[in-house]
Amino acid sequence: MKLTLKIWRQKNATAKGNMETYPIDGINGDMSFLEMLDVLNNQLIEQGDEPVAFDHDCREGICGMCSLFINGEAHGPDRLVTTCQLHMRKFKDGDVITIEPFRAAGFPVVKDLIVDRSSFDRIQHAGGFISINTSGNTQDANAIPIEKVHADAAFDAATCIGCGACVASCKNSSAMLFVSAKVSQFALLPQGKVEATDRVLNMVKQMDEEGFGNCTNTGACEVECPKGISLENIARMNREYMSASMKG
């Protein structure tokens, strides 16, 4: 395939960025989107130009680092996949592809297509953990009865990889789907009940301090989420937050 790539280039966090156009040829439909970018970068290096900076790690859809905004969609036109799992057969010969970083106040651009998502780490640090000391006194998990429906829902919430597609897809740049998934995976299990009140209050507070917007209830986050995290988690987090606020 011959393609035309329009890519956001930005030297550093303080520089003014702009879109640059790159023609590329010889792209196989079986290539992943990131492999296509590798081909482009090899071409740029051979020409003596600066390669395009983009984030990636596992290329297996489990780390979330490859987050790109492709033709106006987080992770591109496919569903339930990350950018590294997106294949070029989703595009046609002659297509123009626009590639941008995720846009949000909480995700400042570092360089080109790389954004700083450490805000998600700080939200996690605010309460996304269980701090009970079980050293030397661990209990077999099978000894704690948990309803299957709750165990399954907790597992589904825990599949969130923190890529930020929910934020990039929301017109308010809301992080509610991410935070609610992290709250839900503990709220549904007995191990998470002890710190439930502090957890939801602290994580929501940190989310607001990071500059993320409020939920718009449009559902774009669920549609674009590569793991299919449900909006039900946002409703659960709101209930947890209301309960915690009343206790406080």
# chains A, B, ... in the order shown; residues from 1 in each chain; ligands from 1
>>> residues_around(residues="range 92-95 of chain A", least_positions_apart="6", cutoff="7 Å", atoms="only C-alpha atoms", output="PDB file with N, CA and C atoms, in the first residue's frame")
ATOM      1  N   MET A   1       0.831  -1.203   0.000  1.00  0.00           N
ATOM      2  CA  MET A   1       0.000   0.000   0.000  1.00  0.00           C
ATOM      3  C   MET A   1       0.865   1.253   0.000  1.00  0.00           C
ATOM      4  N   LYS A   2       0.361   2.280  -0.671  1.00  0.00           N
ATOM      5  CA  LYS A   2       0.923   3.617  -0.556  1.00  0.00           C
ATOM      6  C   LYS A   2       0.001   4.414   0.360  1.00  0.00           C
ATOM      7  N   LEU A   3       0.597   5.104   1.321  1.00  0.00           N
ATOM      8  CA  LEU A   3      -0.182   5.868   2.289  1.00  0.00           C
ATOM      9  C   LEU A   3       0.408   7.258   2.456  1.00  0.00           C
ATOM     10  N   THR A   4      -0.416   8.167   2.940  1.00  0.00           N
ATOM     11  CA  THR A   4       0.043   9.504   3.330  1.00  0.00           C
ATOM     12  C   THR A   4      -0.216   9.656   4.817  1.00  0.00           C
TER      13      THR A   4
END
>>> residues_around(residues="range 236-246 of chain A", least_positions_apart="6", cutoff="6 Å", atoms="only C-alpha atoms", output="list of chain:residue names")
A:Ser180, A:Thr197, A:Val200
>>> residues_around(residues="range 163-176 of chain A", least_positions_apart="4", cutoff="8 Å", atoms="only C-alpha atoms", output="ChimeraX atom specification")
/A:63-67,69,73-75,102-105,117,180,207,212-216,220-222,224-226,234
>>> closest_atom_pairs(of="range 30-77 of chain A", to="range 8-11 of chain A", cutoff="10 Å", atoms="only C-alpha atoms", output="JSON lines")
{"residue": "A:Glu50", "atom": "CA", "partner": "A:Lys11", "partner_atom": "CA", "distance": 9.9}
{"residue": "A:Pro51", "atom": "CA", "partner": "A:Arg9", "partner_atom": "CA", "distance": 9.9}
{"residue": "A:Val52", "atom": "CA", "partner": "A:Arg9", "partner_atom": "CA", "distance": 7.4}
{"residue": "A:Ala53", "atom": "CA", "partner": "A:Arg9", "partner_atom": "CA", "distance": 8.5}
>>> select_by_dssp(residues="range 201-241 of chain A", states="helix (DSSP H, G or I)", output="PyMOL selection string")
chain A and resi 201-209+220-224+232-241
>>> select_by_dssp(residues="range 38-207 of chain A", states="strand (DSSP E)", output="mmCIF file with C-alpha atoms, in the first residue's frame")
data_model
loop_
_atom_site.group_PDB
_atom_site.id
_atom_site.type_symbol
_atom_site.label_atom_id
_atom_site.label_comp_id
_atom_site.auth_asym_id
_atom_site.auth_seq_id
_atom_site.Cartn_x
_atom_site.Cartn_y
_atom_site.Cartn_z
ATOM 1 C CA PHE A 69 -5.179 8.934 18.305
ATOM 2 C CA ILE A 70 -5.618 7.647 14.746
ATOM 3 C CA GLU A 73 -10.219 7.557 17.251
ATOM 4 C CA ALA A 74 -8.267 6.287 20.241
ATOM 5 C CA VAL A 96 -4.515 9.521 4.392
ATOM 6 C CA ILE A 97 -3.929 8.644 8.054
ATOM 7 C CA THR A 98 -3.798 11.305 10.753
ATOM 8 C CA ILE A 99 -1.818 10.337 13.860
ATOM 9 C CA GLU A 100 -1.840 12.420 17.045
ATOM 10 C CA VAL A 109 2.885 15.886 25.512
ATOM 11 C CA VAL A 110 6.502 14.844 26.118
ATOM 12 C CA LYS A 111 7.601 14.577 22.486
ATOM 13 C CA ILE A 114 4.436 10.452 23.542
ATOM 14 C CA VAL A 115 2.433 11.817 26.466
#
>>> decode(residues="range 69-95 of chain A", atoms="N, CA, C and O atoms", output="CSV table (one decimal), in the first residue's frame")
chain,number,residue,atom,x,y,z
A,69,PHE,N,-3.9,8.5,18.8
A,69,PHE,CA,-5.2,8.9,18.3
A,69,PHE,C,-5.1,8.9,16.8
A,69,PHE,O,-4.4,9.7,16.2
A,70,ILE,N,-5.8,7.9,16.2
A,70,ILE,CA,-5.6,7.6,14.7
A,70,ILE,C,-6.9,8.0,14.0
A,70,ILE,O,-8.0,7.4,14.3
A,71,ASN,N,-6.9,8.9,13.1
A,71,ASN,CA,-8.0,9.3,12.3
A,71,ASN,C,-9.2,9.6,13.3
A,71,ASN,O,-10.4,9.3,13.0
A,72,GLY,N,-8.9,10.3,14.4
A,72,GLY,CA,-9.9,10.8,15.3
A,72,GLY,C,-10.5,9.7,16.2
A,72,GLY,O,-11.5,10.0,16.9
A,73,GLU,N,-9.8,8.6,16.3
A,73,GLU,CA,-10.2,7.6,17.3
A,73,GLU,C,-9.0,7.1,18.1
A,73,GLU,O,-8.0,6.8,17.6
A,74,ALA,N,-9.3,6.9,19.4
A,74,ALA,CA,-8.3,6.3,20.2
A,74,ALA,C,-8.0,4.9,19.8
A,74,ALA,O,-8.9,4.0,19.7
A,75,HIS,N,-6.7,4.6,19.5
A,75,HIS,CA,-6.2,3.3,19.1
A,75,HIS,C,-6.7,2.9,17.7
A,75,HIS,O,-6.5,1.8,17.2
A,76,GLY,N,-7.4,3.8,17.0
A,76,GLY,CA,-7.7,3.6,15.6
A,76,GLY,C,-9.1,3.0,15.3
A,76,GLY,O,-9.9,2.9,16.2
A,77,PRO,N,-9.3,2.6,14.1
A,77,PRO,CA,-10.7,2.2,13.7
A,77,PRO,C,-11.2,0.8,14.1
A,77,PRO,O,-12.3,0.5,14.0
A,78,ASP,N,-10.3,0.0,14.7
A,78,ASP,CA,-10.7,-1.3,15.1
A,78,ASP,C,-11.3,-1.2,16.5
A,78,ASP,O,-11.2,-0.2,17.2
A,79,ARG,N,-11.9,-2.3,17.0
A,79,ARG,CA,-12.5,-2.3,18.3
A,79,ARG,C,-11.9,-3.4,19.2
A,79,ARG,O,-11.5,-4.4,18.7
A,80,LEU,N,-11.8,-3.1,20.5
A,80,LEU,CA,-11.3,-4.0,21.5
A,80,LEU,C,-9.8,-4.4,21.2
A,80,LEU,O,-9.4,-5.5,21.5
A,81,VAL,N,-9.1,-3.4,20.7
A,81,VAL,CA,-7.6,-3.6,20.4
A,81,VAL,C,-6.9,-2.4,20.8
A,81,VAL,O,-7.4,-1.3,20.8
A,82,THR,N,-5.6,-2.5,21.1
A,82,THR,CA,-4.7,-1.4,21.3
A,82,THR,C,-4.1,-1.1,20.0
A,82,THR,O,-4.2,-1.8,19.0
A,83,THR,N,-3.3,0.0,19.9
A,83,THR,CA,-2.7,0.4,18.7
A,83,THR,C,-1.7,-0.6,18.2
A,83,THR,O,-1.6,-0.9,17.0
A,84,CYS,N,-1.0,-1.3,19.1
A,84,CYS,CA,-0.1,-2.3,18.6
A,84,CYS,C,-0.8,-3.5,18.0
A,84,CYS,O,-0.1,-4.3,17.3
A,85,GLN,N,-2.1,-3.7,18.3
A,85,GLN,CA,-2.8,-4.8,17.8
A,85,GLN,C,-3.6,-4.5,16.5
A,85,GLN,O,-4.2,-5.3,15.9
A,86,LEU,N,-3.6,-3.2,16.2
A,86,LEU,CA,-4.2,-2.7,15.0
A,86,LEU,C,-3.4,-3.0,13.8
A,86,LEU,O,-2.2,-2.8,13.7
A,87,HIS,N,-4.0,-3.7,12.8
A,87,HIS,CA,-3.3,-4.1,11.6
A,87,HIS,C,-3.6,-3.2,10.4
A,87,HIS,O,-4.7,-2.6,10.3
A,88,MET,N,-2.7,-3.1,9.5
A,88,MET,CA,-2.8,-2.1,8.4
A,88,MET,C,-3.9,-2.6,7.4
A,88,MET,O,-4.2,-1.8,6.5
A,89,ARG,N,-4.4,-3.8,7.5
A,89,ARG,CA,-5.5,-4.2,6.6
A,89,ARG,C,-6.8,-3.5,6.9
A,89,ARG,O,-7.7,-3.6,6.2
A,90,LYS,N,-6.8,-2.7,8.0
A,90,LYS,CA,-7.9,-1.9,8.3
A,90,LYS,C,-7.9,-0.6,7.5
A,90,LYS,O,-8.9,0.2,7.5
A,91,PHE,N,-6.9,-0.4,6.7
A,91,PHE,CA,-6.7,0.8,5.8
A,91,PHE,C,-6.6,0.3,4.4
A,91,PHE,O,-6.4,-0.8,4.1
A,92,LYS,N,-6.8,1.3,3.5
A,92,LYS,CA,-6.8,1.0,2.1
A,92,LYS,C,-5.7,1.7,1.4
A,92,LYS,O,-5.2,2.8,1.9
A,93,ASP,N,-5.2,1.2,0.2
A,93,ASP,CA,-4.2,1.8,-0.6
A,93,ASP,C,-4.6,3.3,-0.9
A,93,ASP,O,-5.8,3.5,-1.4
A,94,GLY,N,-3.7,4.2,-0.7
A,94,GLY,CA,-4.0,5.6,-0.9
A,94,GLY,C,-4.6,6.4,0.2
A,94,GLY,O,-4.8,7.6,0.1
A,95,ASP,N,-4.9,5.7,1.3
A,95,ASP,CA,-5.5,6.4,2.5
A,95,ASP,C,-4.6,7.5,3.0
A,95,ASP,O,-3.3,7.4,3.0
